[in-house]
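Pasting run20.pdb here (PDB, N, CA and C atoms):
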ATOM      1  N   MET A1120     -18.752   5.285  -5.717  1.00  0.00           N
ATOM      2  CA  MET A1120     -18.306   6.646  -5.949  1.00  0.00           C
ATOM      3  C   MET A1120     -16.807   6.766  -5.696  1.00  0.00           C
ATOM      4  N   LEU A1121     -16.380   6.251  -4.539  1.00  0.00           N
ATOM      5  CA  LEU A1121     -14.964   6.353  -4.198  1.00  0.00           C
ATOM      6  C   LEU A1121     -14.104   5.502  -5.131  1.00  0.00           C
ATOM      7  N   THR A1122     -14.643   4.366  -5.581  1.00  0.00           N
ATOM      8  CA  THR A1122     -13.921   3.532  -6.539  1.00  0.00           C
ATOM      9  C   THR A1122     -13.732   4.269  -7.859  1.00  0.00           C
ATOM     10  N   THR A1123     -14.728   5.022  -8.250  1.00  0.00           N
ATOM     11  CA  THR A1123     -14.625   5.815  -9.473  1.00  0.00           C
ATOM     12  C   THR A1123     -13.539   6.885  -9.334  1.00  0.00           C
ATOM     13  N   VAL A1124     -13.490   7.508  -8.185  1.00  0.00           N
ATOM     14  CA  VAL A1124     -12.455   8.521  -7.934  1.00  0.00           C
ATOM     15  C   VAL A1124     -11.075   7.877  -7.986  1.00  0.00           C
ATOM     16  N   ALA A1125     -10.947   6.679  -7.402  1.00  0.00           N
ATOM     17  CA  ALA A1125      -9.656   5.986  -7.422  1.00  0.00           C
ATOM     18  C   ALA A1125      -9.258   5.620  -8.848  1.00  0.00           C
ATOM     19  N   ALA A1126     -10.213   5.153  -9.648  1.00  0.00           N
ATOM     20  CA  ALA A1126      -9.909   4.813 -11.041  1.00  0.00           C
ATOM     21  C   ALA A1126      -9.515   6.057 -11.836  1.00  0.00           C
ATOM     22  N   LEU A1127     -10.204   7.148 -11.633  1.00  0.00           N
ATOM     23  CA  LEU A1127      -9.850   8.393 -12.322  1.00  0.00           C
ATOM     24  C   LEU A1127      -8.493   8.913 -11.870  1.00  0.00           C
ATOM     25  N   ALA A1128      -8.180   8.742 -10.591  1.00  0.00           N
ATOM     26  CA  ALA A1128      -6.865   9.154 -10.095  1.00  0.00           C
ATOM     27  C   ALA A1128      -5.764   8.307 -10.726  1.00  0.00           C
ATOM     28  N   SER A1129      -6.014   7.020 -10.920  1.00  0.00           N
ATOM     29  CA  SER A1129      -5.038   6.151 -11.593  1.00  0.00           C
ATOM     30  C   SER A1129      -4.804   6.618 -13.024  1.00  0.00           C
ATOM     31  N   LEU A1130      -5.895   6.912 -13.722  1.00  0.00           N
ATOM     32  CA  LEU A1130      -5.761   7.396 -15.095  1.00  0.00           C
ATOM     33  C   LEU A1130      -5.043   8.741 -15.142  1.00  0.00           C
ATOM     34  N   ALA A1131      -5.307   9.589 -14.156  1.00  0.00           N
ATOM     35  CA  ALA A1131      -4.628  10.883 -14.108  1.00  0.00           C
ATOM     36  C   ALA A1131      -3.131  10.707 -13.884  1.00  0.00           C
ATOM     37  N   LEU A1132      -2.736   9.769 -13.012  1.00  0.00           N
ATOM     38  CA  LEU A1132      -1.309   9.520 -12.771  1.00  0.00           C
ATOM     39  C   LEU A1132      -0.638   8.997 -14.038  1.00  0.00           C
ATOM     40  N   ILE A1133      -1.280   8.065 -14.711  1.00  0.00           N
ATOM     41  CA  ILE A1133      -0.723   7.521 -15.954  1.00  0.00           C
ATOM     42  C   ILE A1133      -0.631   8.620 -17.021  1.00  0.00           C
ATOM     43  N   GLY A1134      -1.673   9.436 -17.131  1.00  0.00           N
ATOM     44  CA  GLY A1134      -1.646  10.543 -18.083  1.00  0.00           C
ATOM     45  C   GLY A1134      -0.561  11.549 -17.770  1.00  0.00           C
ATOM     46  N   TRP A1135      -0.364  11.830 -16.497  1.00  0.00           N
ATOM     47  CA  TRP A1135       0.678  12.776 -16.087  1.00  0.00           C
ATOM     48  C   TRP A1135       2.058  12.232 -16.436  1.00  0.00           C
ATOM     49  N   LEU A1136       2.262  10.921 -16.212  1.00  0.00           N
ATOM     50  CA  LEU A1136       3.552  10.316 -16.551  1.00  0.00           C
ATOM     51  C   LEU A1136       3.800  10.362 -18.058  1.00  0.00           C
ATOM     52  N   ILE A1137       2.764  10.092 -18.843  1.00  0.00           N
ATOM     53  CA  ILE A1137       2.899  10.159 -20.304  1.00  0.00           C
ATOM     54  C   ILE A1137       3.190  11.593 -20.748  1.00  0.00           C
ATOM     55  N   TYR A1138       2.492  12.557 -20.173  1.00  0.00           N
ATOM     56  CA  TYR A1138       2.714  13.967 -20.506  1.00  0.00           C
ATOM     57  C   TYR A1138       4.152  14.378 -20.196  1.00  0.00           C
ATOM     58  N   ARG A1139       4.643  13.982 -19.017  1.00  0.00           N
ATOM     59  CA  ARG A1139       6.023  14.319 -18.658  1.00  0.00           C
ATOM     60  C   ARG A1139       7.021  13.654 -19.603  1.00  0.00           C
ATOM     61  N   GLY A1140       6.693  12.415 -20.028  1.00  0.00           N
ATOM     62  CA  GLY A1140       7.581  11.721 -20.958  1.00  0.00           C
ATOM     63  C   GLY A1140       7.612  12.370 -22.328  1.00  0.00           C
ATOM     64  N   VAL A1141       6.447  12.811 -22.819  1.00  0.00           N
ATOM     65  CA  VAL A1141       6.381  13.465 -24.134  1.00  0.00           C
ATOM     66  C   VAL A1141       7.119  14.798 -24.098  1.00  0.00           C
ATOM     67  N   LYS A1142       6.970  15.544 -23.024  1.00  0.00           N
ATOM     68  CA  LYS A1142       7.649  16.836 -22.897  1.00  0.00           C
ATOM     69  C   LYS A1142       9.117  16.678 -22.523  1.00  0.00           C
ATOM     70  N   GLN A1143       9.559  15.438 -22.295  1.00  0.00           N
ATOM     71  CA  GLN A1143      10.933  15.106 -21.918  1.00  0.00           C
ATOM     72  C   GLN A1143      11.376  15.842 -20.663  1.00  0.00           C
ATOM     73  N   LYS A1144      10.483  15.924 -19.715  1.00  0.00           N
ATOM     74  CA  LYS A1144      10.819  16.495 -18.417  1.00  0.00           C
ATOM     75  C   LYS A1144      11.215  15.358 -17.485  1.00  0.00           C
ATOM     76  N   PRO A1145      12.113  15.610 -16.559  1.00  0.00           N
ATOM     77  CA  PRO A1145      12.552  14.523 -15.668  1.00  0.00           C
ATOM     78  C   PRO A1145      11.425  14.058 -14.747  1.00  0.00           C
ATOM     79  N   ILE A1146      11.370  12.757 -14.555  1.00  0.00           N
ATOM     80  CA  ILE A1146      10.408  12.156 -13.631  1.00  0.00           C
ATOM     81  C   ILE A1146      11.219  11.530 -12.505  1.00  0.00           C
ATOM     82  N   ARG A1147      11.032  12.021 -11.310  1.00  0.00           N
ATOM     83  CA  ARG A1147      11.783  11.497 -10.171  1.00  0.00           C
ATOM     84  C   ARG A1147      11.084  10.271  -9.608  1.00  0.00           C
ATOM     85  N   ALA A1148      11.883   9.314  -9.201  1.00  0.00           N
ATOM     86  CA  ALA A1148      11.343   8.037  -8.723  1.00  0.00           C
ATOM     87  C   ALA A1148      10.479   8.228  -7.484  1.00  0.00           C
ATOM     88  N   HIS A1149      10.908   9.080  -6.561  1.00  0.00           N
ATOM     89  CA  HIS A1149      10.155   9.250  -5.324  1.00  0.00           C
ATOM     90  C   HIS A1149       8.782   9.873  -5.581  1.00  0.00           C
ATOM     91  N   THR A1150       8.656  10.671  -6.625  1.00  0.00           N
ATOM     92  CA  THR A1150       7.361  11.256  -6.965  1.00  0.00           C
ATOM     93  C   THR A1150       6.398  10.184  -7.478  1.00  0.00           C
ATOM     94  N   VAL A1151       6.906   9.293  -8.311  1.00  0.00           N
ATOM     95  CA  VAL A1151       6.075   8.215  -8.841  1.00  0.00           C
ATOM     96  C   VAL A1151       5.671   7.261  -7.720  1.00  0.00           C
ATOM     97  N   VAL A1152       6.607   6.928  -6.855  1.00  0.00           N
ATOM     98  CA  VAL A1152       6.308   6.014  -5.745  1.00  0.00           C
ATOM     99  C   VAL A1152       5.295   6.650  -4.797  1.00  0.00           C
ATOM    100  N   ARG A1153       5.411   7.929  -4.540  1.00  0.00           N
ATOM    101  CA  ARG A1153       4.448   8.610  -3.676  1.00  0.00           C
ATOM    102  C   ARG A1153       3.055   8.604  -4.299  1.00  0.00           C
ATOM    103  N   GLY A1154       2.977   8.833  -5.609  1.00  0.00           N
ATOM    104  CA  GLY A1154       1.688   8.778  -6.303  1.00  0.00           C
ATOM    105  C   GLY A1154       1.070   7.396  -6.235  1.00  0.00           C
ATOM    106  N   ILE A1155       1.889   6.366  -6.428  1.00  0.00           N
ATOM    107  CA  ILE A1155       1.387   4.990  -6.332  1.00  0.00           C
ATOM    108  C   ILE A1155       0.931   4.686  -4.912  1.00  0.00           C
ATOM    109  N   ALA A1156       1.647   5.176  -3.916  1.00  0.00           N
ATOM    110  CA  ALA A1156       1.240   4.954  -2.521  1.00  0.00           C
ATOM    111  C   ALA A1156      -0.095   5.634  -2.228  1.00  0.00           C
ATOM    112  N   TYR A1157      -0.279   6.840  -2.728  1.00  0.00           N
ATOM    113  CA  TYR A1157      -1.562   7.527  -2.536  1.00  0.00           C
ATOM    114  C   TYR A1157      -2.706   6.758  -3.201  1.00  0.00           C
ATOM    115  N   LEU A1158      -2.458   6.270  -4.412  1.00  0.00           N
ATOM    116  CA  LEU A1158      -3.494   5.502  -5.108  1.00  0.00           C
ATOM    117  C   LEU A1158      -3.808   4.205  -4.367  1.00  0.00           C
ATOM    118  N   THR A1159      -2.786   3.543  -3.855  1.00  0.00           N
ATOM    119  CA  THR A1159      -3.004   2.318  -3.095  1.00  0.00           C
ATOM    120  C   THR A1159      -3.831   2.596  -1.853  1.00  0.00           C
ATOM    121  N   GLY A1160      -3.524   3.673  -1.164  1.00  0.00           N
ATOM    122  CA  GLY A1160      -4.316   4.046   0.005  1.00  0.00           C
ATOM    123  C   GLY A1160      -5.753   4.354  -0.355  1.00  0.00           C
ATOM    124  N   LEU A1161      -5.955   5.021  -1.471  1.00  0.00           N
ATOM    125  CA  LEU A1161      -7.309   5.351  -1.913  1.00  0.00           C
ATOM    126  C   LEU A1161      -8.101   4.097  -2.268  1.00  0.00           C
ATOM    127  N   TYR A1162      -7.464   3.163  -2.979  1.00  0.00           N
ATOM    128  CA  TYR A1162      -8.131   1.903  -3.304  1.00  0.00           C
ATOM    129  C   TYR A1162      -8.445   1.105  -2.034  1.00  0.00           C
ATOM    130  N   THR A1163      -7.513   1.078  -1.085  1.00  0.00           N
ATOM    131  CA  THR A1163      -7.742   0.351   0.165  1.00  0.00           C
ATOM    132  C   THR A1163      -8.895   0.974   0.938  1.00  0.00           C
ATOM    133  N   TYR A1164      -8.921   2.281   0.997  1.00  0.00           N
ATOM    134  CA  TYR A1164      -9.998   2.982   1.687  1.00  0.00           C
ATOM    135  C   TYR A1164     -11.346   2.672   1.041  1.00  0.00           C
ATOM    136  N   ALA A1165     -11.394   2.689  -0.290  1.00  0.00           N
ATOM    137  CA  ALA A1165     -12.641   2.372  -1.001  1.00  0.00           C
ATOM    138  C   ALA A1165     -13.050   0.926  -0.768  1.00  0.00           C
ATOM    139  N   PHE A1166     -12.087   0.024  -0.720  1.00  0.00           N
ATOM    140  CA  PHE A1166     -12.387  -1.388  -0.499  1.00  0.00           C
ATOM    141  C   PHE A1166     -12.961  -1.610   0.894  1.00  0.00           C
ATOM    142  N   PHE A1167     -12.358  -0.995   1.909  1.00  0.00           N
ATOM    143  CA  PHE A1167     -12.846  -1.185   3.273  1.00  0.00           C
ATOM    144  C   PHE A1167     -14.209  -0.538   3.483  1.00  0.00           C
ATOM    145  N   LEU A1168     -14.503   0.540   2.779  1.00  0.00           N
ATOM    146  CA  LEU A1168     -15.812   1.163   2.928  1.00  0.00           C
ATOM    147  C   LEU A1168     -16.927   0.342   2.312  1.00  0.00           C
ATOM    148  N   THR A1169     -16.607  -0.519   1.348  1.00  0.00           N
ATOM    149  CA  THR A1169     -17.639  -1.333   0.725  1.00  0.00           C
ATOM    150  C   THR A1169     -17.879  -2.654   1.458  1.00  0.00           C
ATOM    151  N   MET A1170     -17.102  -2.940   2.491  1.00  0.00           N
ATOM    152  CA  MET A1170     -17.257  -4.192   3.232  1.00  0.00           C
ATOM    153  C   MET A1170     -18.406  -4.110   4.223  1.00  0.00           C
ATOM    154  N   ASP A1171     -18.972  -5.282   4.515  1.00  0.00           N
ATOM    155  CA  ASP A1171     -19.933  -5.311   5.612  1.00  0.00           C
ATOM    156  C   ASP A1171     -19.149  -5.384   6.923  1.00  0.00           C
ATOM    157  N   PHE A1172     -19.768  -5.032   8.017  1.00  0.00           N
ATOM    158  CA  PHE A1172     -19.058  -4.819   9.278  1.00  0.00           C
ATOM    159  C   PHE A1172     -18.379  -6.074   9.834  1.00  0.00           C
ATOM    160  N   PRO A1173     -19.031  -7.257   9.903  1.00  0.00           N
ATOM    161  CA  PRO A1173     -18.334  -8.424  10.453  1.00  0.00           C
ATOM    162  C   PRO A1173     -17.084  -8.809   9.661  1.00  0.00           C
ATOM    163  N   LEU A1174     -17.139  -8.698   8.336  1.00  0.00           N
ATOM    164  CA  LEU A1174     -15.969  -9.001   7.529  1.00  0.00           C
ATOM    165  C   LEU A1174     -14.857  -8.000   7.793  1.00  0.00           C
ATOM    166  N   LEU A1175     -15.225  -6.752   7.981  1.00  0.00           N
ATOM    167  CA  LEU A1175     -14.236  -5.720   8.287  1.00  0.00           C
ATOM    168  C   LEU A1175     -13.510  -6.044   9.587  1.00  0.00           C
ATOM    169  N   ILE A1176     -14.248  -6.504  10.587  1.00  0.00           N
ATOM    170  CA  ILE A1176     -13.627  -6.866  11.866  1.00  0.00           C
ATOM    171  C   ILE A1176     -12.663  -8.027  11.673  1.00  0.00           C
ATOM    172  N   LYS A1177     -13.042  -9.032  10.889  1.00  0.00           N
ATOM    173  CA  LYS A1177     -12.161 -10.171  10.635  1.00  0.00           C
ATOM    174  C   LYS A1177     -10.869  -9.732   9.940  1.00  0.00           C
ATOM    175  N   VAL A1178     -10.989  -8.840   8.981  1.00  0.00           N
ATOM    176  CA  VAL A1178      -9.803  -8.378   8.255  1.00  0.00           C
ATOM    177  C   VAL A1178      -8.878  -7.599   9.179  1.00  0.00           C
ATOM    178  N   VAL A1179      -9.438  -6.697   9.978  1.00  0.00           N
ATOM    179  CA  VAL A1179      -8.610  -5.887  10.883  1.00  0.00           C
ATOM    180  C   VAL A1179      -7.929  -6.778  11.914  1.00  0.00           C
ATOM    181  N   VAL A1180      -8.652  -7.747  12.463  1.00  0.00           N
ATOM    182  CA  VAL A1180      -8.061  -8.658  13.450  1.00  0.00           C
ATOM    183  C   VAL A1180      -6.948  -9.482  12.811  1.00  0.00           C
ATOM    184  N   SER A1181      -7.145  -9.963  11.594  1.00  0.00           N
ATOM    185  CA  SER A1181      -6.102 -10.753  10.940  1.00  0.00           C
ATOM    186  C   SER A1181      -4.874  -9.897  10.618  1.00  0.00           C
ATOM    187  N   ILE A1182      -5.077  -8.640  10.247  1.00  0.00           N
ATOM    188  CA  ILE A1182      -3.940  -7.750  10.001  1.00  0.00           C
ATOM    189  C   ILE A1182      -3.167  -7.506  11.291  1.00  0.00           C
ATOM    190  N   LEU A1183      -3.872  -7.245  12.378  1.00  0.00           N
ATOM    191  CA  LEU A1183      -3.209  -7.027  13.671  1.00  0.00           C
ATOM    192  C   LEU A1183      -2.486  -8.281  14.139  1.00  0.00           C
ATOM    193  N   LEU A1184      -3.113  -9.452  13.976  1.00  0.00           N
ATOM    194  CA  LEU A1184      -2.464 -10.702  14.363  1.00  0.00           C
ATOM    195  C   LEU A1184      -1.212 -10.936  13.530  1.00  0.00           C
ATOM    196  N   GLY A1185      -1.275 -10.667  12.248  1.00  0.00           N
ATOM    197  CA  GLY A1185      -0.101 -10.804  11.400  1.00  0.00           C
ATOM    198  C   GLY A1185       1.023  -9.873  11.821  1.00  0.00           C
ATOM    199  N   ALA A1186       0.684  -8.635  12.162  1.00  0.00           N
ATOM    200  CA  ALA A1186       1.704  -7.680  12.615  1.00  0.00           C
ATOM    201  C   ALA A1186       2.338  -8.147  13.923  1.00  0.00           C
ATOM    202  N   ILE A1187       1.527  -8.660  14.831  1.00  0.00           N
ATOM    203  CA  ILE A1187       2.051  -9.156  16.112  1.00  0.00           C
ATOM    204  C   ILE A1187       2.987 -10.332  15.881  1.00  0.00           C
ATOM    205  N   LEU A1188       2.611 -11.253  15.005  1.00  0.00           N
ATOM    206  CA  LEU A1188       3.458 -12.408  14.724  1.00  0.00           C
ATOM    207  C   LEU A1188       4.769 -11.999  14.047  1.00  0.00           C
ATOM    208  N   ILE A1189       4.737 -11.006  13.190  1.00  0.00           N
ATOM    209  CA  ILE A1189       5.966 -10.525  12.548  1.00  0.00           C
ATOM    210  C   ILE A1189       6.904  -9.920  13.579  1.00  0.00           C
ATOM    211  N   VAL A1190       6.363  -9.091  14.465  1.00  0.00           N
ATOM    212  CA  VAL A1190       7.192  -8.469  15.503  1.00  0.00           C
ATOM    213  C   VAL A1190       7.740  -9.533  16.448  1.00  0.00           C
ATOM    214  N   LEU A1191       6.918 -10.500  16.819  1.00  0.00           N
ATOM    215  CA  LEU A1191       7.360 -11.573  17.708  1.00  0.00           C
ATOM    216  C   LEU A1191       8.469 -12.390  17.051  1.00  0.00           C
ATOM    217  N   GLY A1192       8.299 -12.737  15.786  1.00  0.00           N
ATOM    218  CA  GLY A1192       9.334 -13.493  15.080  1.00  0.00           C
ATOM    219  C   GLY A1192      10.633 -12.723  14.955  1.00  0.00           C
ATOM    220  N   ALA A1193      10.549 -11.433  14.670  1.00  0.00           N
ATOM    221  CA  ALA A1193      11.763 -10.613  14.557  1.00  0.00           C
ATOM    222  C   ALA A1193      12.458 -10.493  15.901  1.00  0.00           C
ATOM    223  N   THR A1194      11.678 -10.355  16.968  1.00  0.00           N
ATOM    224  CA  THR A1194      12.268 -10.238  18.308  1.00  0.00           C
ATOM    225  C   THR A1194      12.963 -11.535  18.707  1.00  0.00           C
ATOM    226  N   LEU A1195      12.307 -12.674  18.462  1.00  0.00           N
ATOM    227  CA  LEU A1195      12.907 -13.955  18.809  1.00  0.00           C
ATOM    228  C   LEU A1195      14.145 -14.243  17.967  1.00  0.00           C
ATOM    229  N   GLN A1196      14.134 -13.854  16.720  1.00  0.00           N
ATOM    230  CA  GLN A1196      15.291 -14.076  15.864  1.00  0.00           C
ATOM    231  C   GLN A1196      16.467 -13.205  16.299  1.00  0.00           C
ATOM    232  N   ARG A1197      16.197 -12.017  16.757  1.00  0.00           N
ATOM    233  CA  ARG A1197      17.258 -11.121  17.204  1.00  0.00           C
ATOM    234  C   ARG A1197      17.896 -11.632  18.490  1.00  0.00           C
ATOM    235  N   ARG A1198      17.133 -12.262  19.369  1.00  0.00           N
ATOM    236  CA  ARG A1198      17.653 -12.745  20.648  1.00  0.00           C
ATOM    237  C   ARG A1198      18.447 -14.025  20.511  1.00  0.00           C
ATOM    238  N   ARG A1199      18.200 -14.803  19.454  1.00  0.00           N
ATOM    239  CA  ARG A1199      18.885 -16.089  19.283  1.00  0.00           C
ATOM    240  C   ARG A1199      20.334 -15.849  18.908  1.00  0.00           C
ATOM    241  N   PRO A1200      21.274 -16.519  19.610  1.00  0.00           N
ATOM    242  CA  PRO A1200      22.678 -16.321  19.277  1.00  0.00           C
ATOM    243  C   PRO A1200      22.995 -16.955  17.911  1.00  0.00           C
ATOM    244  N   ALA A1201      23.908 -16.339  17.204  1.00  0.00           N
ATOM    245  CA  ALA A1201      24.282 -16.824  15.877  1.00  0.00           C
ATOM    246  C   ALA A1201      25.102 -18.096  16.008  1.00  0.00           C
ATOM    247  N   ASP A1202      24.832 -19.051  15.129  1.00  0.00           N
ATOM    248  CA  ASP A1202      25.568 -20.315  15.122  1.00  0.00           C
ATOM    249  C   ASP A1202      26.744 -20.166  14.155  1.00  0.00           C
ATOM    250  N   ASN A1203      27.967 -20.136  14.672  1.00  0.00           N
ATOM    251  CA  ASN A1203      29.164 -19.899  13.852  1.00  0.00           C
ATOM    252  C   ASN A1203      29.914 -21.182  13.576  1.00  0.00           C
ATOM    253  N   SER A1204      29.258 -22.278  13.335  1.00  0.00           N
ATOM    254  CA  SER A1204      29.998 -23.531  13.106  1.00  0.00           C
ATOM    255  C   SER A1204      30.218 -23.819  11.656  1.00  0.00           C
TER     256      SER A1204
END
Can you dump the structure from the file as structure tokens?
Amino acid sequence: MLTTVAALASLALIGWLIYRGVKQKPIRAHTVVRGIAYLTGLYTYAFFLTMDFPLLIKVVVSILLGAILIVLGATLQRRRPADNS
């Protein structure tokens, strides 16, 4: 059900962009990016709802581990003195 809503929302966004283009009305970049972000969130939400529970835990743990490693790498890189040779 939620996947169907996400697909219809994608078609609605594409239709809206085509309508704005035919009417020659300005399309702002931030509006399109916001629409794409909403659609991405909707697809992600639908994907996670269709998962079984153990797989969901594995995905969440891997996302958290990846975020921790990114922050750790950025922190260590910031502390390292620059080599100016």
Worksheet entry | Distance in Å - atom N of A:Val1178 versus atom C of A:Phe1166 | 11.0 Å
Worksheet, complete the sentence: Between atom CA of A:Phe1167 and atom N of A:Val1151 lies a distance of 25.2 Å
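We find atom C of A:Thr1169 and atom CA of A:Thr1122 to be spaced 10.9 Å apart.
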Discussion item. Taking the DSSP secondary structure from the backbone, can you list the residues of chain A that are helix (DSSP H, G or I), as a PyMOL selection string?
Written reply: chain A and resi 1121-1141+1148-1168+1172-1198
Worksheet entry | Residues near A:Tyr1164, cut-off 12 Å, only C-alpha atoms, skip fewer than 5 positions along chain, as a PyMOL selection string | chain A and resi 1120-1122+1124-1125+1157-1159+1169-1170+1175
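Nearest residue to A:Thr1123 among A:Val1152, A:Leu1188, A:Ile1146, A:Ala1165 is A:Ala1165, counting only N, CA and C atoms.
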